[in-house]
Every structure is written in structure tokens, then in C-alpha cells.
Amino acid sequence: MRSDDWLLTEDIDDFLARSGGFLRSRPVVHNTPLTVLEKWRTLPGAFEPGTVLFGRLESEGEIQAIFYRPPSRRLTLTALSREQADALAAHLAALGHDLCGVTSDHATATAFAEAWQRHTGATPTLRVRMHLYRLGTLTPPEPHPAGRGRIVGERDHEHLMDWCRGFASDVGEAITIDAGSWAGTRFAEKSYTYWETPDGTPVSMAGANPMVAGMVRVDPVYTPAHLRGHGYAAAVSAEVSRAALAAGATEVVLFTNAANPTSNALYQRLGYRLVTDWAPYDFS
């Protein structure tokens with residue numbers, strides 16, 4: 001593969017026009033670029049022209065893979081072979097591009113991280129190993145906790161931001177979440193559902209990204225520590241999954257921490273099935 005098979009641009013409209021069909025052809029494994037690009041395309045202020053580098057790998061007129069590098073300098077990739085990953089790393093390094101990390105399926109991210117180290121000397125560190133799941137047949141949780149799901153509204157915004165701060169802290173994200181920064185966070189474009197006890201007290205929440213290419217990604221799911229162990233996360237996850245299907249989704253997906261047996265078992269009981277491993281690497 002020649003490095004010039006990678007066609008680079010900063011024009012999001014041109015990139016989407018040429019790469020949209022490729023991304024929509026595999027919405028489960030392409031869920032992250034699909035949702036991020038949809039946010040940049042539709043949410044006012046989410047995308048600043050000239051700040052994101054896009055790339056597409058073409059062979060005989062067919063797109064084989066894409067990447068994008070936002071201002072965070074974290075590269076997001078679709079699946080590549082080891083040879084393709086090495087060629088891309090060499091190409092970006094030769095052009096002087098700086099990266100702080102890479103995220104992709106585990107095999108691709110690992111191949112690129114190793115190649116980036118060879119070409120730049122940067123040391124890669126695996127941040128966390130993740131699982132990507134897709135929903136098969138939804139199975140409501142048993143036993144089912146008392147209560148109901150409720151769509152989160154404007155009057156809940158302060159409470160919602162507080163729980164998003166709790167979730168970010170739990171997963172180790174260094175992020176400011178308040179009224180001033182909310183629109184720029186990865187939490188802003190989602191719809192949220194609370195699970196409430198019969199007296200109306202919220203005890204768990206789940207978010208859902210806007211549907212793209214028939215796919216909805218559930219994220220985040222959060223229960224405050226003192227309320228865990230009662231089945232609330234399972235109930236609210238089942239509720240947002242059911243709502244996604246009712247809205248016409250043909251695929252419902254989510255990510256989990258591979259090292260958390262509780263959450264992985266929970267989603268499997270609900271009918272989610274493992275697709276592949278996922279990995280974000282940081283570069284020193």
C-alpha cells in the first residue's frame with residue numbers, strides 16, 4: 001500500500017459525501033465515527049472548520065478505512081491491517097502530525113500504537129480494554145425493580161449534570177461539566193432516561209445517542225454508588241434499549257469496561273452479545 005492512498009482533508013462536507021456510505025455499511029463497528037460526525041454536522045458550535053483532519057483510504061475507487069483527528073489530537077480509526085496501520089503511522093509522522101493517542105478496535109489500535117512508537121519513539125499505554133456489544137433479543141431483567149422509566153427534561157438539568165460528573169469521575173475522565181461547558185461535552189447531544197422508584201425518586205440513568213444509520217448507542221449508564229445492587233441499572237438499560245427499538249433502531253450497541261464483570265454480565269442477561277474488543281491508547 002502506498003501512503004498516498006490516504007487522502008486527507010479538513011472539509012467535513014466533502015469527507016462525509018465521500019465516506020458516509022462506507023461508514024453506514026457497518027453501523028455497529030462504525031458507531032463511534034457515525035455518532036461523532038453526526039454531532040459535528042448537526043449540533044451548533046460542536047464543529048469548528050479547519051480544526052479536524054480527516055482521512056480516507058481508497059483502493060481502486062473503494063474506501064477501505066477512514067480516520068479523523070480532532071483538536072484533542074486523539075486519532076480515531078476504522079479497522080486496518082497491521083501493514084495499513086504501519087503505513088498510516090509513517091505517513092502521519094512524515095507530515096509532522098502530533099498525536100496524543102488512538103482509539104479503534106483492539107487489533108487496529110494495538111497495531112497503530114506499535115507502529116507510532118516505531119516511527120516517532122512515543123510510548124503507548126493502554127488506557128482500558130473495552131468490549132463492544134450489540135443487542136440481540138431484548139430480555140427484561142428478572143427480578144424487575146419496582147418503579148418506571150421517565151424521560152429526563154429541562155427541569156432535571158442540574159441533577160443530570162451532577163450525575164454526568166459522577167459518571168465521568170467513575171470512568172476517570174478529566175472533564176468539566178457545568179452550565180457553561182455542557183454544550184461542548186460529549187454528554188450534551190444525548191437523550192436521557194431516569195429509572196424512578198414508585199415515589200418518583202431517580203435512582204439510575206441511561207443516555208442514548210441520536211440514531212444514525214439505524215443505530216443507537218447507549219451511553220452513559222450510571223447509578224450512584226449508594227444505590228447500586230438493586231437492579232436499577234438493568235431496568236433503565238432495558239428501558240432505553242426498548243425505546244430505541246420502538247423508535248425504529250435496527251442496531252443498539254454499547255461499550256463496557258472489559259475488566260468489570262458485573263456490567264458485562266448485566267448486559268449479557270439483557271440480550272447484548274459481544275462483537276469485538278476495543279482499545280484506547282495514550283501516547284507519552
# chains A, B, ... in the order shown; residues from 1 in each chain; ligands from 1
>>> residues_around(residues="Gly153 in chain A", least_positions_apart="4", cutoff="10 Å", atoms="only C-alpha atoms", output="ChimeraX atom specification")
/A:157,160,191-194
>>> write_last_selection(atoms="C-alpha atoms", output="mmCIF file, in the first residue's frame")
data_model
loop_
_atom_site.group_PDB
_atom_site.id
_atom_site.type_symbol
_atom_site.label_atom_id
_atom_site.label_comp_id
_atom_site.auth_asym_id
_atom_site.auth_seq_id
_atom_site.Cartn_x
_atom_site.Cartn_y
_atom_site.Cartn_z
ATOM 1 C CA HIS A 157 -30.738 19.599 34.055
ATOM 2 C CA LEU A 160 -28.424 15.393 35.246
ATOM 3 C CA SER A 191 -31.325 11.940 25.337
ATOM 4 C CA TYR A 192 -31.577 10.604 28.888
ATOM 5 C CA THR A 193 -33.929 8.383 30.854
ATOM 6 C CA TYR A 194 -34.173 8.082 34.635
#
>>> residues_around(residues="range 254-269 of chain A", least_positions_apart="6", cutoff="8 Å", atoms="only C-alpha atoms", output="PyMOL selection string")
chain A and resi 128-134+139+141+217-219+234
>>> closest_residue(among="A:Trp278, A:Phe47, A:Phe283, A:Trp182", to="Ala79 in chain A", atoms="only C-alpha atoms")
A:Trp278
>>> residues_around(residues="Asp98 in chain A", least_positions_apart="6", cutoff="12 Å", atoms="only C-alpha atoms", output="MDAnalysis selection string")
chainID A and resid 53 69:75 89 91:92 116 119:120 122 283:284
>>> residues_around(residues="Ser25 in chain A", least_positions_apart="3", cutoff="12 Å", atoms="only C-alpha atoms", output="list in words")
Ser19, Gly20, Gly21, Phe22, Val28, Val29, His30, Asn31, Leu34, Ile63, Gln64, Ala65, Val212, Ala213, Gly214 and Met215 of chain A
>>> residues_around(residues="Met211 in chain A", least_positions_apart="2", cutoff="12 Å", atoms="only C-alpha atoms", output="PyMOL selection string")
chain A and resi 24+27-28+31-32+34-36+38-39+189-191+208-209+213-218+243-253
>>> select_by_dssp(residues="range 22-239 of chain A", states="strand (DSSP E)", output="mmCIF file with C-alpha atoms, in the first residue's frame")
data_model
loop_
_atom_site.group_PDB
_atom_site.id
_atom_site.type_symbol
_atom_site.label_atom_id
_atom_site.label_comp_id
_atom_site.auth_asym_id
_atom_site.auth_seq_id
_atom_site.Cartn_x
_atom_site.Cartn_y
_atom_site.Cartn_z
ATOM 1 C CA LEU A 53 -8.042 16.328 9.988
ATOM 2 C CA PHE A 54 -9.977 13.647 8.097
ATOM 3 C CA GLY A 55 -8.516 10.816 6.066
ATOM 4 C CA ARG A 56 -9.865 8.063 3.876
ATOM 5 C CA LEU A 57 -8.016 5.080 2.461
ATOM 6 C CA GLU A 58 -9.013 4.323 -1.119
ATOM 7 C CA SER A 59 -8.123 1.383 -3.325
ATOM 8 C CA GLU A 62 -13.367 1.878 -2.991
ATOM 9 C CA ILE A 63 -12.964 3.236 0.529
ATOM 10 C CA GLN A 64 -11.193 0.752 2.788
ATOM 11 C CA ALA A 65 -10.915 2.762 6.024
ATOM 12 C CA ILE A 66 -11.185 6.262 7.484
ATOM 13 C CA PHE A 67 -9.712 8.261 10.353
ATOM 14 C CA TYR A 68 -10.245 11.627 11.976
ATOM 15 C CA ARG A 69 -8.037 13.628 14.329
ATOM 16 C CA ARG A 74 -6.638 11.578 19.624
ATOM 17 C CA LEU A 75 -6.873 9.605 16.395
ATOM 18 C CA THR A 76 -9.999 7.534 15.750
ATOM 19 C CA LEU A 77 -9.597 4.749 13.186
ATOM 20 C CA GLY A 101 -3.464 8.639 21.398
ATOM 21 C CA VAL A 102 -5.518 6.344 19.218
ATOM 22 C CA THR A 103 -8.875 4.610 19.597
ATOM 23 C CA SER A 104 -10.147 1.722 17.495
ATOM 24 C CA ASP A 105 -10.893 -1.977 17.693
ATOM 25 C CA PRO A 124 1.901 3.844 24.014
ATOM 26 C CA THR A 125 -0.074 2.943 27.136
ATOM 27 C CA LEU A 126 -3.350 1.034 27.026
ATOM 28 C CA MET A 130 -13.303 -2.418 26.375
ATOM 29 C CA HIS A 131 -15.966 -4.680 24.909
ATOM 30 C CA LEU A 132 -18.344 -3.625 22.144
ATOM 31 C CA TYR A 133 -21.774 -5.265 22.414
ATOM 32 C CA ARG A 134 -24.795 -5.269 20.117
ATOM 33 C CA LEU A 135 -28.328 -6.119 21.194
ATOM 34 C CA ARG A 148 -40.700 3.198 35.992
ATOM 35 C CA GLY A 149 -38.609 4.911 33.361
ATOM 36 C CA ARG A 150 -39.015 8.651 32.801
ATOM 37 C CA ILE A 151 -37.546 10.881 30.094
ATOM 38 C CA SER A 191 -31.325 11.940 25.337
ATOM 39 C CA TYR A 192 -31.577 10.604 28.888
ATOM 40 C CA THR A 193 -33.929 8.383 30.854
ATOM 41 C CA TYR A 194 -34.173 8.082 34.635
ATOM 42 C CA TRP A 195 -35.314 4.995 36.462
ATOM 43 C CA GLU A 196 -37.507 6.197 39.322
ATOM 44 C CA PRO A 202 -34.429 8.990 40.400
ATOM 45 C CA VAL A 203 -32.104 6.075 41.186
ATOM 46 C CA SER A 204 -30.331 5.389 37.879
ATOM 47 C CA MET A 205 -29.935 6.911 34.431
ATOM 48 C CA ALA A 206 -29.066 5.895 30.900
ATOM 49 C CA GLY A 207 -28.271 8.033 27.879
ATOM 50 C CA ALA A 208 -28.785 7.302 24.201
ATOM 51 C CA MET A 215 -28.032 2.501 15.006
ATOM 52 C CA VAL A 216 -28.376 3.835 18.559
ATOM 53 C CA ARG A 217 -25.534 3.683 21.077
ATOM 54 C CA VAL A 218 -26.494 3.509 24.760
ATOM 55 C CA ASP A 219 -24.118 5.727 26.758
ATOM 56 C CA PRO A 220 -23.687 6.513 29.602
ATOM 57 C CA VAL A 221 -25.329 4.257 32.180
ATOM 58 C CA TYR A 222 -24.882 5.464 35.746
#
>>> residues_around(residues="Arg165 in chain A", least_positions_apart="5", cutoff="9 Å", atoms="only C-alpha atoms", output="number ranges by chain")
A: 160, 170, 175-178
>>> write_last_selection(atoms="all heavy atoms", output="tab-separated table (two decimals), in the first residue's frame")
chain	number	residue	atom	x	y	z
A	160	LEU	N	-29.05	16.19	36.30
A	160	LEU	CA	-28.42	15.39	35.25
A	160	LEU	C	-26.93	15.70	35.15
A	160	LEU	O	-26.10	14.78	35.06
A	160	LEU	CB	-29.11	15.67	33.91
A	160	LEU	CG	-28.46	15.02	32.68
A	160	LEU	CD1	-28.55	13.51	32.75
A	160	LEU	CD2	-29.12	15.55	31.40
A	170	ASP	N	-16.15	8.30	37.78
A	170	ASP	CA	-16.05	6.85	37.90
A	170	ASP	C	-15.18	6.24	36.81
A	170	ASP	O	-14.46	5.27	37.04
A	170	ASP	CB	-17.44	6.20	37.84
A	170	ASP	CG	-18.17	6.27	39.18
A	170	ASP	OD1	-17.59	6.81	40.15
A	170	ASP	OD2	-19.32	5.78	39.25
A	175	ILE	N	-12.91	16.04	32.97
A	175	ILE	CA	-13.80	16.87	32.16
A	175	ILE	C	-14.59	17.80	33.07
A	175	ILE	O	-15.00	17.42	34.16
A	175	ILE	CB	-14.74	15.98	31.32
A	175	ILE	CG1	-15.61	16.80	30.38
A	175	ILE	CG2	-15.61	15.10	32.22
A	175	ILE	CD1	-16.41	15.96	29.41
A	176	THR	N	-14.78	19.03	32.61
A	176	THR	CA	-15.60	19.99	33.34
A	176	THR	C	-17.02	19.92	32.81
A	176	THR	O	-17.25	20.03	31.60
A	176	THR	CB	-15.06	21.42	33.15
A	176	THR	OG1	-13.73	21.48	33.66
A	176	THR	CG2	-15.92	22.43	33.88
A	177	ILE	N	-17.97	19.71	33.71
A	177	ILE	CA	-19.38	19.62	33.33
A	177	ILE	C	-20.17	20.60	34.18
A	177	ILE	O	-20.39	20.39	35.38
A	177	ILE	CB	-19.92	18.19	33.52
A	177	ILE	CG1	-19.11	17.17	32.72
A	177	ILE	CG2	-21.40	18.14	33.11
A	177	ILE	CD1	-19.48	15.73	33.00
A	178	ASP	N	-20.54	21.71	33.57
A	178	ASP	CA	-21.39	22.70	34.23
A	178	ASP	C	-22.20	23.39	33.14
A	178	ASP	O	-22.10	23.05	31.95
A	178	ASP	CB	-20.57	23.69	35.06
A	178	ASP	CG	-19.48	24.38	34.25
A	178	ASP	OD1	-19.67	24.60	33.03
A	178	ASP	OD2	-18.42	24.70	34.83
>>> atom_distance(atom1="CA of Thr276 in chain A", atom2="CA of Ser241 in chain A")
19.7 Å
>>> closest_residue(among="A:Arg127, A:Thr201, A:Pro210, A:Glu154", to="Gly172 in chain A", atoms="only C-alpha atoms")
A:Arg127
>>> closest_residue(among="A:Gly231, A:Pro280, A:Pro49, A:Pro44", to="Ile12 in chain A", atoms="only C-alpha atoms")
A:Pro49
>>> decode(residues="range 76-111 of chain A", atoms="N, CA and C atoms", output="PDB file, in the first residue's frame")
ATOM      1  N   THR A  76      -9.002   8.598  15.801  1.00  0.00           N
ATOM      2  CA  THR A  76      -9.999   7.534  15.750  1.00  0.00           C
ATOM      3  C   THR A  76      -9.912   6.865  14.389  1.00  0.00           C
ATOM      4  N   LEU A  77      -9.813   5.531  14.391  1.00  0.00           N
ATOM      5  CA  LEU A  77      -9.597   4.749  13.186  1.00  0.00           C
ATOM      6  C   LEU A  77     -10.682   3.700  13.015  1.00  0.00           C
ATOM      7  N   THR A  78     -11.014   3.383  11.756  1.00  0.00           N
ATOM      8  CA  THR A  78     -11.750   2.154  11.496  1.00  0.00           C
ATOM      9  C   THR A  78     -10.718   1.050  11.262  1.00  0.00           C
ATOM     10  N   ALA A  79     -11.189  -0.172  11.069  1.00  0.00           N
ATOM     11  CA  ALA A  79     -10.310  -1.341  11.063  1.00  0.00           C
ATOM     12  C   ALA A  79      -9.244  -1.263   9.967  1.00  0.00           C
ATOM     13  N   LEU A  80      -8.010  -1.611  10.360  1.00  0.00           N
ATOM     14  CA  LEU A  80      -6.864  -1.655   9.444  1.00  0.00           C
ATOM     15  C   LEU A  80      -6.089  -2.941   9.677  1.00  0.00           C
ATOM     16  N   SER A  81      -5.402  -3.407   8.633  1.00  0.00           N
ATOM     17  CA  SER A  81      -4.426  -4.479   8.811  1.00  0.00           C
ATOM     18  C   SER A  81      -3.177  -3.893   9.450  1.00  0.00           C
ATOM     19  N   ARG A  82      -2.272  -4.742   9.908  1.00  0.00           N
ATOM     20  CA  ARG A  82      -1.024  -4.254  10.503  1.00  0.00           C
ATOM     21  C   ARG A  82      -0.221  -3.454   9.480  1.00  0.00           C
ATOM     22  N   GLU A  83      -0.214  -3.901   8.228  1.00  0.00           N
ATOM     23  CA  GLU A  83       0.533  -3.198   7.198  1.00  0.00           C
ATOM     24  C   GLU A  83      -0.081  -1.825   6.926  1.00  0.00           C
ATOM     25  N   GLN A  84      -1.403  -1.759   6.879  1.00  0.00           N
ATOM     26  CA  GLN A  84      -2.071  -0.482   6.666  1.00  0.00           C
ATOM     27  C   GLN A  84      -1.840   0.467   7.836  1.00  0.00           C
ATOM     28  N   ALA A  85      -1.873  -0.069   9.054  1.00  0.00           N
ATOM     29  CA  ALA A  85      -1.629   0.758  10.238  1.00  0.00           C
ATOM     30  C   ALA A  85      -0.217   1.323  10.218  1.00  0.00           C
ATOM     31  N   ASP A  86       0.741   0.499   9.834  1.00  0.00           N
ATOM     32  CA  ASP A  86       2.128   0.957   9.782  1.00  0.00           C
ATOM     33  C   ASP A  86       2.303   2.045   8.725  1.00  0.00           C
ATOM     34  N   ALA A  87       1.687   1.859   7.575  1.00  0.00           N
ATOM     35  CA  ALA A  87       1.802   2.853   6.505  1.00  0.00           C
ATOM     36  C   ALA A  87       1.169   4.178   6.918  1.00  0.00           C
ATOM     37  N   LEU A  88       0.029   4.126   7.605  1.00  0.00           N
ATOM     38  CA  LEU A  88      -0.612   5.358   8.051  1.00  0.00           C
ATOM     39  C   LEU A  88       0.242   6.061   9.100  1.00  0.00           C
ATOM     40  N   ALA A  89       0.786   5.317  10.048  1.00  0.00           N
ATOM     41  CA  ALA A  89       1.636   5.914  11.075  1.00  0.00           C
ATOM     42  C   ALA A  89       2.842   6.592  10.433  1.00  0.00           C
ATOM     43  N   ALA A  90       3.465   5.922   9.475  1.00  0.00           N
ATOM     44  CA  ALA A  90       4.622   6.500   8.792  1.00  0.00           C
ATOM     45  C   ALA A  90       4.232   7.771   8.043  1.00  0.00           C
ATOM     46  N   HIS A  91       3.088   7.751   7.398  1.00  0.00           N
ATOM     47  CA  HIS A  91       2.615   8.895   6.617  1.00  0.00           C
ATOM     48  C   HIS A  91       2.353  10.103   7.519  1.00  0.00           C
ATOM     49  N   LEU A  92       1.611   9.886   8.613  1.00  0.00           N
ATOM     50  CA  LEU A  92       1.292  10.993   9.511  1.00  0.00           C
ATOM     51  C   LEU A  92       2.545  11.537  10.195  1.00  0.00           C
ATOM     52  N   ALA A  93       3.453  10.639  10.584  1.00  0.00           N
ATOM     53  CA  ALA A  93       4.696  11.079  11.210  1.00  0.00           C
ATOM     54  C   ALA A  93       5.529  11.901  10.233  1.00  0.00           C
ATOM     55  N   ALA A  94       5.600  11.465   8.984  1.00  0.00           N
ATOM     56  CA  ALA A  94       6.384  12.196   7.990  1.00  0.00           C
ATOM     57  C   ALA A  94       5.808  13.579   7.724  1.00  0.00           C
ATOM     58  N   LEU A  95       4.485  13.730   7.853  1.00  0.00           N
ATOM     59  CA  LEU A  95       3.838  15.024   7.655  1.00  0.00           C
ATOM     60  C   LEU A  95       3.933  15.912   8.894  1.00  0.00           C
ATOM     61  N   GLY A  96       4.470  15.373  10.004  1.00  0.00           N
ATOM     62  CA  GLY A  96       4.656  16.153  11.213  1.00  0.00           C
ATOM     63  C   GLY A  96       3.435  16.265  12.102  1.00  0.00           C
ATOM     64  N   HIS A  97       2.471  15.377  11.920  1.00  0.00           N
ATOM     65  CA  HIS A  97       1.275  15.436  12.752  1.00  0.00           C
ATOM     66  C   HIS A  97       1.572  14.883  14.146  1.00  0.00           C
ATOM     67  N   ASP A  98       1.029  15.534  15.139  1.00  0.00           N
ATOM     68  CA  ASP A  98       1.231  15.142  16.531  1.00  0.00           C
ATOM     69  C   ASP A  98      -0.022  14.431  17.030  1.00  0.00           C
ATOM     70  N   LEU A  99       0.153  13.328  17.739  1.00  0.00           N
ATOM     71  CA  LEU A  99      -0.962  12.570  18.275  1.00  0.00           C
ATOM     72  C   LEU A  99      -0.764  12.328  19.760  1.00  0.00           C
ATOM     73  N   CYS A 100      -1.868  12.352  20.528  1.00  0.00           N
ATOM     74  CA  CYS A 100      -1.787  12.008  21.951  1.00  0.00           C
ATOM     75  C   CYS A 100      -2.341  10.623  22.222  1.00  0.00           C
ATOM     76  N   GLY A 101      -2.928   9.972  21.185  1.00  0.00           N
ATOM     77  CA  GLY A 101      -3.464   8.639  21.398  1.00  0.00           C
ATOM     78  C   GLY A 101      -4.230   8.155  20.193  1.00  0.00           C
ATOM     79  N   VAL A 102      -4.735   6.936  20.288  1.00  0.00           N
ATOM     80  CA  VAL A 102      -5.518   6.344  19.218  1.00  0.00           C
ATOM     81  C   VAL A 102      -6.607   5.481  19.833  1.00  0.00           C
ATOM     82  N   THR A 103      -7.761   5.448  19.166  1.00  0.00           N
ATOM     83  CA  THR A 103      -8.875   4.610  19.597  1.00  0.00           C
ATOM     84  C   THR A 103      -9.416   3.858  18.392  1.00  0.00           C
ATOM     85  N   SER A 104      -9.587   2.553  18.557  1.00  0.00           N
ATOM     86  CA  SER A 104     -10.147   1.722  17.495  1.00  0.00           C
ATOM     87  C   SER A 104     -10.436   0.344  18.087  1.00  0.00           C
ATOM     88  N   ASP A 105     -10.821  -0.615  17.208  1.00  0.00           N
ATOM     89  CA  ASP A 105     -10.893  -1.977  17.693  1.00  0.00           C
ATOM     90  C   ASP A 105      -9.511  -2.384  18.190  1.00  0.00           C
ATOM     91  N   HIS A 106      -9.467  -3.358  19.085  1.00  0.00           N
ATOM     92  CA  HIS A 106      -8.230  -3.656  19.808  1.00  0.00           C
ATOM     93  C   HIS A 106      -7.078  -3.998  18.865  1.00  0.00           C
ATOM     94  N   ALA A 107      -7.332  -4.797  17.836  1.00  0.00           N
ATOM     95  CA  ALA A 107      -6.256  -5.201  16.936  1.00  0.00           C
ATOM     96  C   ALA A 107      -5.709  -4.010  16.163  1.00  0.00           C
ATOM     97  N   THR A 108      -6.610  -3.149  15.659  1.00  0.00           N
ATOM     98  CA  THR A 108      -6.168  -1.987  14.894  1.00  0.00           C
ATOM     99  C   THR A 108      -5.442  -0.986  15.776  1.00  0.00           C
ATOM    100  N   ALA A 109      -6.014  -0.682  16.948  1.00  0.00           N
ATOM    101  CA  ALA A 109      -5.388   0.294  17.843  1.00  0.00           C
ATOM    102  C   ALA A 109      -4.007  -0.178  18.287  1.00  0.00           C
ATOM    103  N   THR A 110      -3.883  -1.467  18.583  1.00  0.00           N
ATOM    104  CA  THR A 110      -2.592  -2.000  19.013  1.00  0.00           C
ATOM    105  C   THR A 110      -1.570  -1.928  17.884  1.00  0.00           C
ATOM    106  N   ALA A 111      -1.989  -2.296  16.677  1.00  0.00           N
ATOM    107  CA  ALA A 111      -1.070  -2.237  15.535  1.00  0.00           C
ATOM    108  C   ALA A 111      -0.618  -0.817  15.272  1.00  0.00           C
TER     109      ALA A 111
END
